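Engineer: Just model-v3.cif, nothing more (mmCIF, C-alpha atoms):
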data_query
loop_
_atom_site.label_atom_id
_atom_site.label_comp_id
_atom_site.auth_asym_id
_atom_site.auth_seq_id
_atom_site.Cartn_x
_atom_site.Cartn_y
_atom_site.Cartn_z
CA MET A 1 103.11 133.48 100.58
CA SER A 2 103.48 131.68 97.24
CA ILE A 3 101.18 128.82 96.25
CA PHE A 4 102.47 127.38 92.95
CA SER A 5 105.43 128.85 91.17
CA LEU A 6 105.47 128.81 87.38
CA PRO A 7 108.24 127.16 85.30
CA GLN A 8 111.42 129.18 84.77
CA LYS A 9 111.32 128.44 81.06
CA PHE A 10 108.61 126.63 79.11
CA ASP A 11 110.88 124.08 77.43
CA PHE A 12 111.19 120.38 76.70
CA ASN A 13 110.18 119.00 80.13
CA GLU A 14 106.95 121.01 80.20
CA TRP A 15 106.05 119.97 76.65
CA PHE A 16 106.84 116.36 77.53
CA ILE A 17 104.49 116.46 80.54
CA LEU A 18 101.72 118.03 78.45
CA ALA A 19 102.19 115.43 75.69
CA ALA A 20 102.10 112.57 78.24
CA MET A 21 98.90 114.00 79.72
CA ILE A 22 97.27 114.23 76.29
CA VAL A 23 98.28 110.63 75.48
CA VAL A 24 96.77 109.25 78.71
CA CYS A 25 93.64 111.39 78.31
CA ILE A 26 93.05 109.78 74.91
CA TYR A 27 94.17 106.26 75.78
CA ILE A 28 92.31 105.70 79.08
CA PRO A 29 88.75 106.39 77.81
CA LEU A 30 89.44 103.95 74.96
CA LEU A 31 90.42 101.24 77.45
CA GLN A 32 87.44 102.01 79.67
CA LYS A 33 85.12 101.58 76.69
CA ARG A 34 86.48 98.13 75.87
CA PHE A 35 86.56 96.78 79.42
CA PRO A 36 84.68 99.01 81.87
CA ILE A 37 85.77 99.04 85.50
CA PRO A 38 83.25 100.50 88.05
CA ILE A 39 83.83 104.19 88.77
CA ILE A 40 84.22 103.60 92.54
CA ILE A 41 87.15 101.28 91.92
CA ILE A 42 88.72 103.81 89.53
CA ILE A 43 88.34 106.62 92.09
CA MET A 44 89.84 104.50 94.86
CA MET A 45 92.75 103.29 92.75
CA ALA A 46 93.51 106.80 91.45
CA LEU A 47 93.51 108.16 94.98
CA PHE A 48 95.69 105.32 96.17
CA SER A 49 98.28 106.23 93.50
CA LEU A 50 98.17 109.88 94.52
CA ALA A 51 98.47 109.08 98.23
CA LEU A 52 101.31 106.61 97.66
CA GLU A 53 103.18 109.04 95.45
CA LYS A 54 102.72 111.87 97.94
CA ALA A 55 103.72 109.65 100.86
CA ALA A 56 106.98 108.70 99.11
CA ASP A 57 107.69 112.27 97.96
CA LEU A 58 107.13 113.67 101.44
CA ILE A 59 109.93 111.48 102.72
CA PHE A 60 112.37 111.50 99.80
CA GLU A 61 111.74 114.67 97.78
CA TYR A 62 110.88 117.33 100.34
CA PRO A 63 113.07 118.79 103.09
CA PRO A 64 115.12 117.79 104.97
CA TYR A 65 116.36 115.09 102.53
CA ASN A 66 115.67 116.57 99.05
CA PHE A 67 117.01 113.46 97.30
CA TYR A 68 115.55 114.66 94.01
CA TYR A 69 113.26 117.32 92.64
CA LEU A 70 110.96 117.77 89.69
CA ASN A 71 111.26 120.09 86.71
CA ASP A 72 113.16 123.38 86.66
CA LYS A 73 113.57 124.21 90.32
CA ILE A 74 113.44 122.74 93.79
CA GLU A 75 110.28 124.70 94.59
CA TYR A 76 106.84 123.15 94.17
CA GLU A 77 105.71 124.35 90.77
CA LEU A 78 102.56 123.96 88.72
CA PHE A 79 104.00 121.24 86.48
CA ASP A 80 104.93 119.15 89.56
CA LEU A 81 101.21 118.97 90.20
CA PHE A 82 100.61 117.81 86.61
CA VAL A 83 103.24 115.06 87.01
CA CYS A 84 101.28 113.80 90.04
CA PHE A 85 98.31 113.10 87.80
CA LEU A 86 100.33 110.83 85.52
CA TYR A 87 100.72 108.28 88.35
CA PRO A 88 97.00 107.42 88.61
CA ALA A 89 96.90 107.10 84.82
CA SER A 90 99.72 104.56 84.74
CA GLY A 91 98.20 102.85 87.80
CA TYR A 92 94.92 102.57 85.93
CA ILE A 93 96.62 100.95 82.92
CA PHE A 94 98.41 98.56 85.29
CA ILE A 95 95.20 97.46 87.01
CA TYR A 96 93.24 97.41 83.74
CA PHE A 97 95.44 94.70 82.23
CA TYR A 98 95.72 92.92 85.58
CA SER A 99 91.95 92.71 85.69
CA LYS A 100 91.43 92.01 81.99
CA TRP A 101 93.97 89.19 81.78
CA ASN A 102 92.78 87.80 85.13
CA ILE A 103 96.34 87.39 86.39
CA ARG A 104 96.73 84.90 89.27
CA GLY A 105 99.38 82.90 91.13
CA LEU A 106 102.99 83.19 90.06
CA PHE A 107 102.01 85.43 87.16
CA VAL A 108 101.18 88.19 89.67
CA PHE A 109 104.84 88.26 90.64
CA LEU A 110 105.94 88.26 86.99
CA TYR A 111 103.40 90.94 86.13
CA ALA A 112 104.56 93.23 88.97
CA LEU A 113 108.19 92.53 88.10
CA SER A 114 107.73 93.45 84.44
CA TRP A 115 105.75 96.57 85.33
CA SER A 116 108.51 97.69 87.68
CA VAL A 117 110.91 97.43 84.73
CA ILE A 118 108.48 99.50 82.62
CA ALA A 119 108.24 102.05 85.47
CA ILE A 120 112.04 102.26 85.66
CA GLY A 121 112.09 102.78 81.88
CA CYS A 122 109.57 105.60 82.19
CA GLU A 123 111.59 107.18 84.99
CA TRP A 124 114.74 106.95 82.85
CA ILE A 125 112.93 108.76 80.01
CA SER A 126 111.78 111.36 82.57
CA ILE A 127 115.39 111.89 83.63
CA LEU A 128 116.38 112.44 79.99
CA ALA A 129 113.47 114.88 79.60
CA ARG A 130 114.69 116.67 82.77
CA ILE A 131 111.48 116.04 84.68
CA PHE A 132 113.30 114.19 87.46
CA ILE A 133 116.49 115.85 88.66
CA TYR A 134 118.48 113.63 90.99
CA ARG A 135 120.63 114.97 93.78
CA ASP A 136 121.38 112.05 96.12
CA TRP A 137 119.25 109.53 94.31
CA ASN A 138 119.90 106.73 91.83
CA LEU A 139 117.59 105.09 89.31
CA LEU A 140 118.21 101.71 90.94
CA TYR A 141 116.86 102.95 94.30
CA SER A 142 113.50 103.46 92.63
CA TYR A 143 113.19 99.82 91.59
CA PRO A 144 112.29 98.30 95.01
CA ILE A 145 109.97 101.26 95.65
CA TYR A 146 108.10 100.56 92.41
CA LEU A 147 107.95 96.84 93.13
CA ILE A 148 106.55 97.36 96.64
CA SER A 149 104.12 100.04 95.37
CA LEU A 150 102.81 97.75 92.63
CA TYR A 151 102.26 94.93 95.10
CA LEU A 152 100.46 97.31 97.44
CA TYR A 153 98.42 98.43 94.45
CA ILE A 154 97.30 94.87 93.73
CA VAL A 155 96.49 94.21 97.40
CA PHE A 156 94.50 97.42 97.59
CA TYR A 157 92.66 96.58 94.36
CA HIS A 158 91.49 93.27 95.89
CA PHE A 159 90.55 95.04 99.11
CA VAL A 160 88.37 97.55 97.21
CA LEU A 161 86.85 94.82 95.04
CA LEU A 162 85.97 92.74 98.10
CA HIS A 163 84.40 95.59 100.04
CA PHE A 164 82.61 96.95 97.00
CA SER A 165 80.94 93.58 96.40
CA GLN A 166 80.12 93.27 100.12
CA GLU A 167 78.46 96.70 100.06
CA LYS A 168 76.51 95.64 97.00
CA LYS A 169 75.32 92.44 98.69
CA SER A 170 74.33 94.23 101.89
CA GLN A 171 72.06 96.55 99.91
CA PHE A 172 69.89 93.63 98.70
CA MET B 1 111.85 108.37 122.60
CA ILE B 2 109.40 110.75 120.90
CA LEU B 3 108.92 108.25 118.08
CA SER B 4 108.06 105.45 120.51
CA ILE B 5 105.61 107.70 122.40
CA TYR B 6 103.97 108.63 119.10
CA PHE B 7 103.96 105.05 117.92
CA SER B 8 102.28 103.75 121.07
CA SER B 9 99.74 106.58 121.26
CA ALA B 10 98.89 106.12 117.57
CA LEU B 11 98.45 102.38 118.16
CA ILE B 12 96.15 103.05 121.12
CA LEU B 13 94.15 105.54 119.03
CA LEU B 14 94.03 103.10 116.10
CA SER B 15 92.82 100.19 118.24
CA PHE B 16 90.28 102.45 119.97
CA PHE B 17 89.01 103.63 116.59
CA THR B 18 88.88 100.06 115.23
CA VAL B 19 86.62 98.76 118.00
CA LEU B 20 84.30 101.80 118.01
CA PRO B 21 80.98 101.37 116.16
CA LYS B 22 81.29 103.45 112.98
CA LYS B 23 78.90 105.12 110.60
CA LEU B 24 81.46 105.21 107.78
CA THR B 25 82.05 102.09 105.69
CA LEU B 26 85.55 100.69 105.23
CA LEU B 27 85.63 102.07 101.66
CA GLU B 28 84.82 105.56 102.94
CA ILE B 29 87.45 105.31 105.66
CA SER B 30 90.09 104.35 103.09
CA PHE B 31 88.86 107.12 100.79
CA CYS B 32 89.24 109.70 103.58
CA TRP B 33 92.65 108.37 104.55
CA MET B 34 93.95 108.72 100.98
CA VAL B 35 92.48 112.20 100.53
CA ILE B 36 94.04 113.32 103.82
CA VAL B 37 97.48 111.95 102.87
CA TYR B 38 97.29 113.57 99.42
CA LEU B 39 95.89 116.97 100.44
CA TYR B 40 98.03 117.34 103.54
CA GLY B 41 101.05 116.23 101.51
CA THR B 42 100.35 118.87 98.85
CA VAL B 43 99.89 121.58 101.47
CA MET B 44 103.10 120.54 103.22
CA ALA B 45 104.96 120.48 99.88
CA ASN B 46 103.85 124.03 99.28
CA VAL B 47 104.77 125.18 102.76
CA LEU B 48 108.12 123.37 103.01
CA LEU B 49 109.37 123.97 99.46
CA ASN B 50 107.90 127.32 98.49
CA ASN B 51 107.55 129.05 101.82
CA PRO B 52 110.52 128.32 104.08
CA THR B 53 109.70 131.46 106.06
CA LEU B 54 106.54 129.76 107.34
CA LEU B 55 107.62 126.38 108.62
CA GLN B 56 110.75 124.23 108.79
CA MET B 57 111.27 120.62 109.70
CA ASN B 58 113.86 119.27 112.07
CA PRO B 59 116.35 117.40 109.83
CA LYS B 60 117.17 114.70 112.40
CA LEU B 61 116.15 111.25 111.19
CA TYR B 62 113.87 110.24 114.08
CA TYR B 63 112.05 113.59 113.95
CA VAL B 64 111.45 113.12 110.22
CA TRP B 65 110.01 109.64 110.82
CA THR B 66 107.91 110.85 113.76
CA PHE B 67 106.46 113.52 111.52
CA ALA B 68 105.88 110.97 108.73
CA PHE B 69 104.20 108.59 111.18
CA ASN B 70 102.06 111.40 112.42
CA ARG B 71 101.01 112.37 108.88
CA PHE B 72 100.11 108.86 107.80
CA ILE B 73 98.47 107.46 110.93
CA PHE B 74 97.82 109.86 113.77
CA LEU B 75 96.27 112.86 111.96
CA PRO B 76 94.21 110.78 109.48
CA ILE B 77 92.64 108.80 112.36
CA LEU B 78 91.71 112.02 114.16
CA ILE B 79 90.16 113.56 111.03
CA ILE B 80 88.32 110.35 110.07
CA TRP B 81 86.99 110.08 113.62
CA PHE B 82 85.68 113.64 113.34
CA ILE B 83 83.98 112.91 109.99
CA ASP B 84 82.48 109.72 111.40
CA LEU B 85 81.05 111.54 114.42
CA TYR B 86 79.87 114.43 112.27
CA SER B 87 78.01 112.07 109.88
CA ARG B 88 75.90 110.60 112.68
CA GLY B 89 73.16 113.20 112.37
CA TYR B 90 73.63 114.91 115.73
CA SER B 91 71.99 118.28 116.41
CA LEU B 92 73.60 121.48 115.09
CA SER B 93 74.89 122.56 118.51
CA ILE B 94 76.68 119.22 119.02
CA LYS B 95 78.15 119.52 115.51
CA ILE B 96 79.49 122.99 116.30
CA VAL B 97 81.06 121.74 119.54
CA LEU B 98 82.56 118.74 117.69
CA THR B 99 84.05 120.97 115.00
CA ALA B 100 85.53 123.34 117.59
CA VAL B 101 86.98 120.48 119.66
CA PHE B 102 88.57 118.67 116.71
CA ILE B 103 89.99 121.73 114.96
CA ASN B 104 91.43 122.99 118.25
CA ALA B 105 92.87 119.53 118.88
CA LEU B 106 94.55 119.53 115.42
CA VAL B 107 95.98 123.01 115.98
CA GLY B 108 97.04 121.93 119.47
CA PHE B 109 98.90 118.92 118.04
CA GLU B 110 100.66 121.18 115.57
CA TYR B 111 101.95 123.31 118.43
CA LEU B 112 102.83 120.17 120.36
CA TYR B 113 105.18 119.23 117.46
CA GLU B 114 106.81 122.60 117.80
CA TRP B 115 107.23 122.06 121.54
CA LEU B 116 108.72 118.62 120.80
CA LYS B 117 111.03 120.33 118.22
CA ILE B 118 109.70 118.23 115.31
CA VAL B 119 108.81 121.33 113.30
CA GLN B 120 109.62 124.97 113.77
CA HIS B 121 107.20 127.77 112.97
CA LYS B 122 109.08 130.67 111.37
CA GLU B 123 108.53 134.41 111.49
CA ASP B 124 105.73 134.57 108.86
CA TRP B 125 103.56 131.93 110.56
CA ASN B 126 100.74 132.79 112.90
CA ILE B 127 98.10 130.75 114.69
CA GLY B 128 95.39 132.06 112.33
CA LEU B 129 97.11 130.22 109.46
CA SER B 130 96.94 127.00 111.48
CA TYR B 131 93.19 127.42 111.96
CA ILE B 132 92.70 128.19 108.25
CA LEU B 133 94.85 125.20 107.27
CA TRP B 134 93.12 122.65 109.50
CA GLY B 135 89.64 124.09 109.05
CA SER B 136 89.84 124.03 105.26
CA LEU B 137 91.50 120.61 105.23
CA VAL B 138 88.87 119.02 107.48
CA TRP B 139 85.97 120.60 105.60
CA SER B 140 87.27 119.74 102.15
CA ILE B 141 87.69 116.12 103.24
CA TYR B 142 84.18 116.10 104.68
CA ILE B 143 82.68 117.51 101.45
CA LEU B 144 84.68 115.11 99.24
CA ASN B 145 83.57 112.19 101.40
CA ALA B 146 79.94 113.29 101.11
CA CYS B 147 80.30 113.28 97.29
CA PHE B 148 82.02 109.90 97.40
CA ARG B 149 79.27 108.50 99.64
CA LYS B 150 76.66 109.64 97.12
CA ILE B 151 78.44 107.89 94.24
CA LEU B 152 79.11 104.78 96.33
CA PHE B 153 75.54 104.21 97.43
CA LYS B 154 74.10 105.14 94.04
CA LYS B 155 76.43 102.63 92.38
CA VAL B 156 75.73 99.99 94.97
CA LYS B 157 71.95 100.37 94.70
CA PHE B 158 71.55 100.37 90.95
CA LYS B 159 74.40 98.15 89.83
#
Kindly transcribe the structure held in the file into structure tokens.

Structural biologist:
Amino acid sequence: MSIFSLPQKFDFNEWFILAAMIVVCIYIPLLQKRFPIPIIIIIMMALFSLALEKAADLIFEYPPYNFYYLNDKIEYELFDLFVCFLYPASGYIFIYFYSKWNIRGLFVFLYALSWSVIAIGCEWISILARIFIYRDWNLLYSYPIYLISLYLYIVFYHFVLLHFSQEKKSQF
Amino acid sequence: MILSIYFSSALILLSFFTVLPKKLTLLEISFCWMVIVYLYGTVMANVLLNNPTLLQMNPKLYYVWTFAFNRFIFLPILIIWFIDLYSRGYSLSIKIVLTAVFINALVGFEYLYEWLKIVQHKEDWNIGLSYILWGSLVWSIYILNACFRKILFKKVKFK
């Protein structure tokens, strides 16, 4: 029984994933210093990204559909796991600016719309770096998925914020 | 047909769980749900992609969606219900019975999917693996929730 297979060749896609991880590891603590968000909210939002990503992958990436796969081979490899951890990082940056700029009303729609374009851009770069390998998938199919996910992300953020403050109040 | 049976039974379970008095807060319930979806998803990714001699899924569309529905609603509710009951401070003997009942129920559901032809266990699979899978999944979620609970109440108290 195999758990995680290793990459066939340690080439550009693996280096790209490592570089992206280093960038987010440096960038996120800097943001957190300037505008701290409570750790509970960060944990919940990070988990929400992971769960959402896994939920989508379980339908589209894994058998029987296999619309796309990550990295060198169709098998679940170690660097697929690393890619998973880039989603919470980008989700954190998304919610950080949403919270910092106090986005409300119509701007929420514009904010989610522009972030979906950014997400599509990132996915396009990932295709060039051979992190995403499409079989029966198209970059355009990802757009509505990103848009819905980002809306869900905002809704979930407000849900966590509301219940976190309620818990706080009930303690006093 | 199977999807509608699953859908209605999951709705009944969900409404039953919603009206029950709970020890877990809504934040903890959502935390557990997300951990279950992520961990179970990772395990399934490993099994389906790397070990096709263990388990295979029925490729028909409604079976895929039944399985998805089951992963996102049915199983998480069962596991969260177990954690909720387990956190109530019952005696050790009741906790042992609870653990046995829930883990057997989870394994039983897995074999029910096979009977319903949603998944197919292959030659390398045995029932021991099912017990290891569900036992470790349930206990890791319980431990993670206990850590989360500690952080949550510490934060809430001293903020």

Engineer: Applying the PyMOL selection byres ((chain B) within 10 of (chain A)) to the file I just gave you, which residues come out? Please list them as JSON, numbers by chain.

Structural biologist: {"B": [25, 26, 27, 28, 30, 31, 32, 33, 34, 35, 36, 37, 38, 39, 40, 41, 42, 43, 44, 45, 46, 47, 48, 49, 50, 51, 52, 53, 54, 56, 57, 58, 59, 60, 61, 64, 65, 67, 68, 71, 72, 124, 148, 149, 151, 152, 153, 155, 156, 157, 158, 159]}

Engineer: Skip A:Tyr96 itself and residues of its chain fewer than 4 positions away, then list as a list in words all residues within 10 Å of it, counting all atoms listed in the file.

Structural biologist: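 Surrounding residues, per the criterion: Ile28, Leu31, Gln32, Phe35, Pro36, Ile37, Ile42, Ser90, Gly91, Tyr92, Lys100, Trp101 and Asn102 of chain A.
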
Engineer: Quick one: distance from atom CA of A:Ile120 to atom CA of A:Leu150 in Å, one decimal?

Structural biologist: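 Atom-to-atom, atom CA of A:Ile120 and atom CA of A:Leu150 are spaced 12.4 Å apart.
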
Engineer: Give me the residues near A:Tyr68 as a VMD selection string, where near means some atom within 8 Å (using all atoms listed in the file) and where sequence neighbours in that chain fewer than 4 positions away do not count.

Structural biologist: chain A and resid 60 to 61 132 to 137

Engineer: List every protein, DNA or RNA residue that has an atom no more than 10 Å from (114.9, 100.3, 89.6) in the file's coordinate frame, counting only C-alpha atoms, and report them as a PyMOL selection string.

Structural biologist: chain A and resi 116-121+123-124+138-147

Engineer: Nearest to B:Phe102: which of B:Phe7, B:Trp81, B:Trp125, B:Phe17 is it, counting all atoms listed in the file?

Structural biologist: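 Closest to B:Phe102 of all the choices is B:Trp81.
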
Engineer: Set the distance at 10 Å and use all atoms listed in the file: which residues neighbour A:Ser99 once local chain neighbours fewer than 5 positions away are removed? I'd like the list as a PyMOL selection string.

Structural biologist: chain A and resi 35+37+93-94+104+154+157

Engineer: Check which residues satisfy the PyMOL selection byres ((chain B and resi 80) around 9) in the file shown, then give them as a tab-separated table (two decimals) with C-alpha atoms, keeping the file's coordinate frame.

Structural biologist:
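Once written, result.tsv looks like this:
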chain	number	residue	atom	x	y	z
B	24	LEU	CA	81.46	105.21	107.78
B	29	ILE	CA	87.45	105.31	105.66
B	32	CYS	CA	89.24	109.70	103.58
B	33	TRP	CA	92.65	108.37	104.55
B	36	ILE	CA	94.04	113.32	103.82
B	75	LEU	CA	96.27	112.86	111.96
B	76	PRO	CA	94.21	110.78	109.48
B	77	ILE	CA	92.64	108.80	112.36
B	78	LEU	CA	91.71	112.02	114.16
B	79	ILE	CA	90.16	113.56	111.03
B	81	TRP	CA	86.99	110.08	113.62
B	82	PHE	CA	85.68	113.64	113.34
B	83	ILE	CA	83.98	112.91	109.99
B	84	ASP	CA	82.48	109.72	111.40
B	85	LEU	CA	81.05	111.54	114.42
B	141	ILE	CA	87.69	116.12	103.24
B	142	TYR	CA	84.18	116.10	104.68

Engineer: One number please: atom CA of A:Ala19 to atom CA of A:Ile95, in Å, one decimal.

Structural biologist: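 Calculated distance between atom CA of A:Ala19 and atom CA of A:Ile95 is 22.4 Å.
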
Engineer: Could you work out how far atom CA of A:Phe97 lies from atom CA of A:Ser149, giving the answer in Å with one decimal?

Structural biologist: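 So the two atoms, atom CA of A:Ser149 and atom CA of A:Phe97, lie 16.6 Å apart.
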
Engineer: Could you write out as AutoDock Vina command-line options the box around stretch 108-124 of chain B (axis-aligned, all atoms listed in the file, 6 Å on each side), with centre and edge lengths in Å to one decimal?

Structural biologist:
--center_x 104.0 --center_y 126.4 --center_z 115.2 --size_x 26.0 --size_y 28.3 --size_z 24.7

Engineer: Suppose a student applies the PyMOL selection byres ((chain B and resi 110) around 12) to this structure; what residues should they get, written as a PyMOL selection string?

Structural biologist: chain B and resi 55+67+70-71+74-75+103-109+111-121+126-127+129-131+133-134

Engineer: Nearest residue to B:Leu3 out of B:Tyr63, B:Ile143, B:Pro21, B:Gly135, using all atoms listed in the file?

Structural biologist: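 Residue with the minimum atom-to-atom distance to B:Leu3: B:Tyr63.
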
Engineer: Since the input lacks atoms, please generate N, CA and C atoms for stretch 127-153 of chain B and provide them as a PDB file, in the coordinates of the input.

Structural biologist:
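Below is the file part-v2.pdb, written as the result:
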ATOM      1  N   ILE B 127      99.069 131.797 114.312  1.00  0.00           N
ATOM      2  CA  ILE B 127      98.100 130.750 114.690  1.00  0.00           C
ATOM      3  C   ILE B 127      96.846 130.762 113.799  1.00  0.00           C
ATOM      4  N   GLY B 128      96.530 131.951 113.247  1.00  0.00           N
ATOM      5  CA  GLY B 128      95.390 132.060 112.330  1.00  0.00           C
ATOM      6  C   GLY B 128      95.570 131.165 111.115  1.00  0.00           C
ATOM      7  N   LEU B 129      96.821 131.080 110.611  1.00  0.00           N
ATOM      8  CA  LEU B 129      97.110 130.220 109.460  1.00  0.00           C
ATOM      9  C   LEU B 129      96.856 128.758 109.805  1.00  0.00           C
ATOM     10  N   SER B 130      97.174 128.383 111.053  1.00  0.00           N
ATOM     11  CA  SER B 130      96.940 127.000 111.480  1.00  0.00           C
ATOM     12  C   SER B 130      95.448 126.692 111.456  1.00  0.00           C
ATOM     13  N   TYR B 131      94.636 127.639 111.961  1.00  0.00           N
ATOM     14  CA  TYR B 131      93.190 127.420 111.960  1.00  0.00           C
ATOM     15  C   TYR B 131      92.645 127.341 110.536  1.00  0.00           C
ATOM     16  N   ILE B 132      93.152 128.205 109.653  1.00  0.00           N
ATOM     17  CA  ILE B 132      92.700 128.190 108.250  1.00  0.00           C
ATOM     18  C   ILE B 132      93.100 126.854 107.616  1.00  0.00           C
ATOM     19  N   LEU B 133      94.342 126.443 107.856  1.00  0.00           N
ATOM     20  CA  LEU B 133      94.850 125.200 107.270  1.00  0.00           C
ATOM     21  C   LEU B 133      94.005 124.010 107.709  1.00  0.00           C
ATOM     22  N   TRP B 134      93.837 123.829 109.007  1.00  0.00           N
ATOM     23  CA  TRP B 134      93.120 122.650 109.500  1.00  0.00           C
ATOM     24  C   TRP B 134      91.640 122.727 109.207  1.00  0.00           C
ATOM     25  N   GLY B 135      91.064 123.925 109.345  1.00  0.00           N
ATOM     26  CA  GLY B 135      89.640 124.090 109.050  1.00  0.00           C
ATOM     27  C   GLY B 135      89.338 123.744 107.609  1.00  0.00           C
ATOM     28  N   SER B 136      90.116 124.294 106.678  1.00  0.00           N
ATOM     29  CA  SER B 136      89.840 124.030 105.260  1.00  0.00           C
ATOM     30  C   SER B 136      90.141 122.578 104.902  1.00  0.00           C
ATOM     31  N   LEU B 137      91.161 122.006 105.512  1.00  0.00           N
ATOM     32  CA  LEU B 137      91.500 120.610 105.230  1.00  0.00           C
ATOM     33  C   LEU B 137      90.371 119.676 105.688  1.00  0.00           C
ATOM     34  N   VAL B 138      89.920 119.892 106.924  1.00  0.00           N
ATOM     35  CA  VAL B 138      88.870 119.020 107.480  1.00  0.00           C
ATOM     36  C   VAL B 138      87.579 119.166 106.667  1.00  0.00           C
ATOM     37  N   TRP B 139      87.224 120.398 106.329  1.00  0.00           N
ATOM     38  CA  TRP B 139      85.970 120.600 105.600  1.00  0.00           C
ATOM     39  C   TRP B 139      86.049 120.117 104.167  1.00  0.00           C
ATOM     40  N   SER B 140      87.191 120.264 103.526  1.00  0.00           N
ATOM     41  CA  SER B 140      87.270 119.740 102.150  1.00  0.00           C
ATOM     42  C   SER B 140      87.186 118.222 102.156  1.00  0.00           C
ATOM     43  N   ILE B 141      87.769 117.585 103.166  1.00  0.00           N
ATOM     44  CA  ILE B 141      87.690 116.120 103.240  1.00  0.00           C
ATOM     45  C   ILE B 141      86.246 115.688 103.508  1.00  0.00           C
ATOM     46  N   TYR B 142      85.575 116.427 104.375  1.00  0.00           N
ATOM     47  CA  TYR B 142      84.180 116.100 104.680  1.00  0.00           C
ATOM     48  C   TYR B 142      83.307 116.221 103.418  1.00  0.00           C
ATOM     49  N   ILE B 143      83.496 117.294 102.664  1.00  0.00           N
ATOM     50  CA  ILE B 143      82.680 117.510 101.450  1.00  0.00           C
ATOM     51  C   ILE B 143      83.007 116.436 100.398  1.00  0.00           C
ATOM     52  N   LEU B 144      84.296 116.141 100.216  1.00  0.00           N
ATOM     53  CA  LEU B 144      84.680 115.110  99.240  1.00  0.00           C
ATOM     54  C   LEU B 144      84.113 113.753  99.644  1.00  0.00           C
ATOM     55  N   ASN B 145      84.122 113.471 100.948  1.00  0.00           N
ATOM     56  CA  ASN B 145      83.570 112.190 101.400  1.00  0.00           C
ATOM     57  C   ASN B 145      82.067 112.132 101.164  1.00  0.00           C
ATOM     58  N   ALA B 146      81.391 113.272 101.353  1.00  0.00           N
ATOM     59  CA  ALA B 146      79.940 113.290 101.110  1.00  0.00           C
ATOM     60  C   ALA B 146      79.653 112.994  99.635  1.00  0.00           C
ATOM     61  N   CYS B 147      80.476 113.548  98.726  1.00  0.00           N
ATOM     62  CA  CYS B 147      80.300 113.280  97.290  1.00  0.00           C
ATOM     63  C   CYS B 147      80.577 111.802  97.004  1.00  0.00           C
ATOM     64  N   PHE B 148      81.649 111.286  97.618  1.00  0.00           N
ATOM     65  CA  PHE B 148      82.020 109.900  97.400  1.00  0.00           C
ATOM     66  C   PHE B 148      80.907 108.963  97.893  1.00  0.00           C
ATOM     67  N   ARG B 149      80.351 109.304  99.047  1.00  0.00           N
ATOM     68  CA  ARG B 149      79.270 108.500  99.640  1.00  0.00           C
ATOM     69  C   ARG B 149      78.070 108.430  98.700  1.00  0.00           C
ATOM     70  N   LYS B 150      77.774 109.572  98.069  1.00  0.00           N
ATOM     71  CA  LYS B 150      76.660 109.640  97.120  1.00  0.00           C
ATOM     72  C   LYS B 150      76.905 108.682  95.951  1.00  0.00           C
ATOM     73  N   ILE B 151      78.109 108.756  95.383  1.00  0.00           N
ATOM     74  CA  ILE B 151      78.440 107.890  94.240  1.00  0.00           C
ATOM     75  C   ILE B 151      78.425 106.429  94.677  1.00  0.00           C
ATOM     76  N   LEU B 152      79.008 106.162  95.845  1.00  0.00           N
ATOM     77  CA  LEU B 152      79.110 104.780  96.330  1.00  0.00           C
ATOM     78  C   LEU B 152      77.748 104.146  96.477  1.00  0.00           C
ATOM     79  N   PHE B 153      76.837 104.832  97.163  1.00  0.00           N
ATOM     80  CA  PHE B 153      75.540 104.210  97.430  1.00  0.00           C
ATOM     81  C   PHE B 153      74.650 104.186  96.190  1.00  0.00           C
TER      82      PHE B 153
END
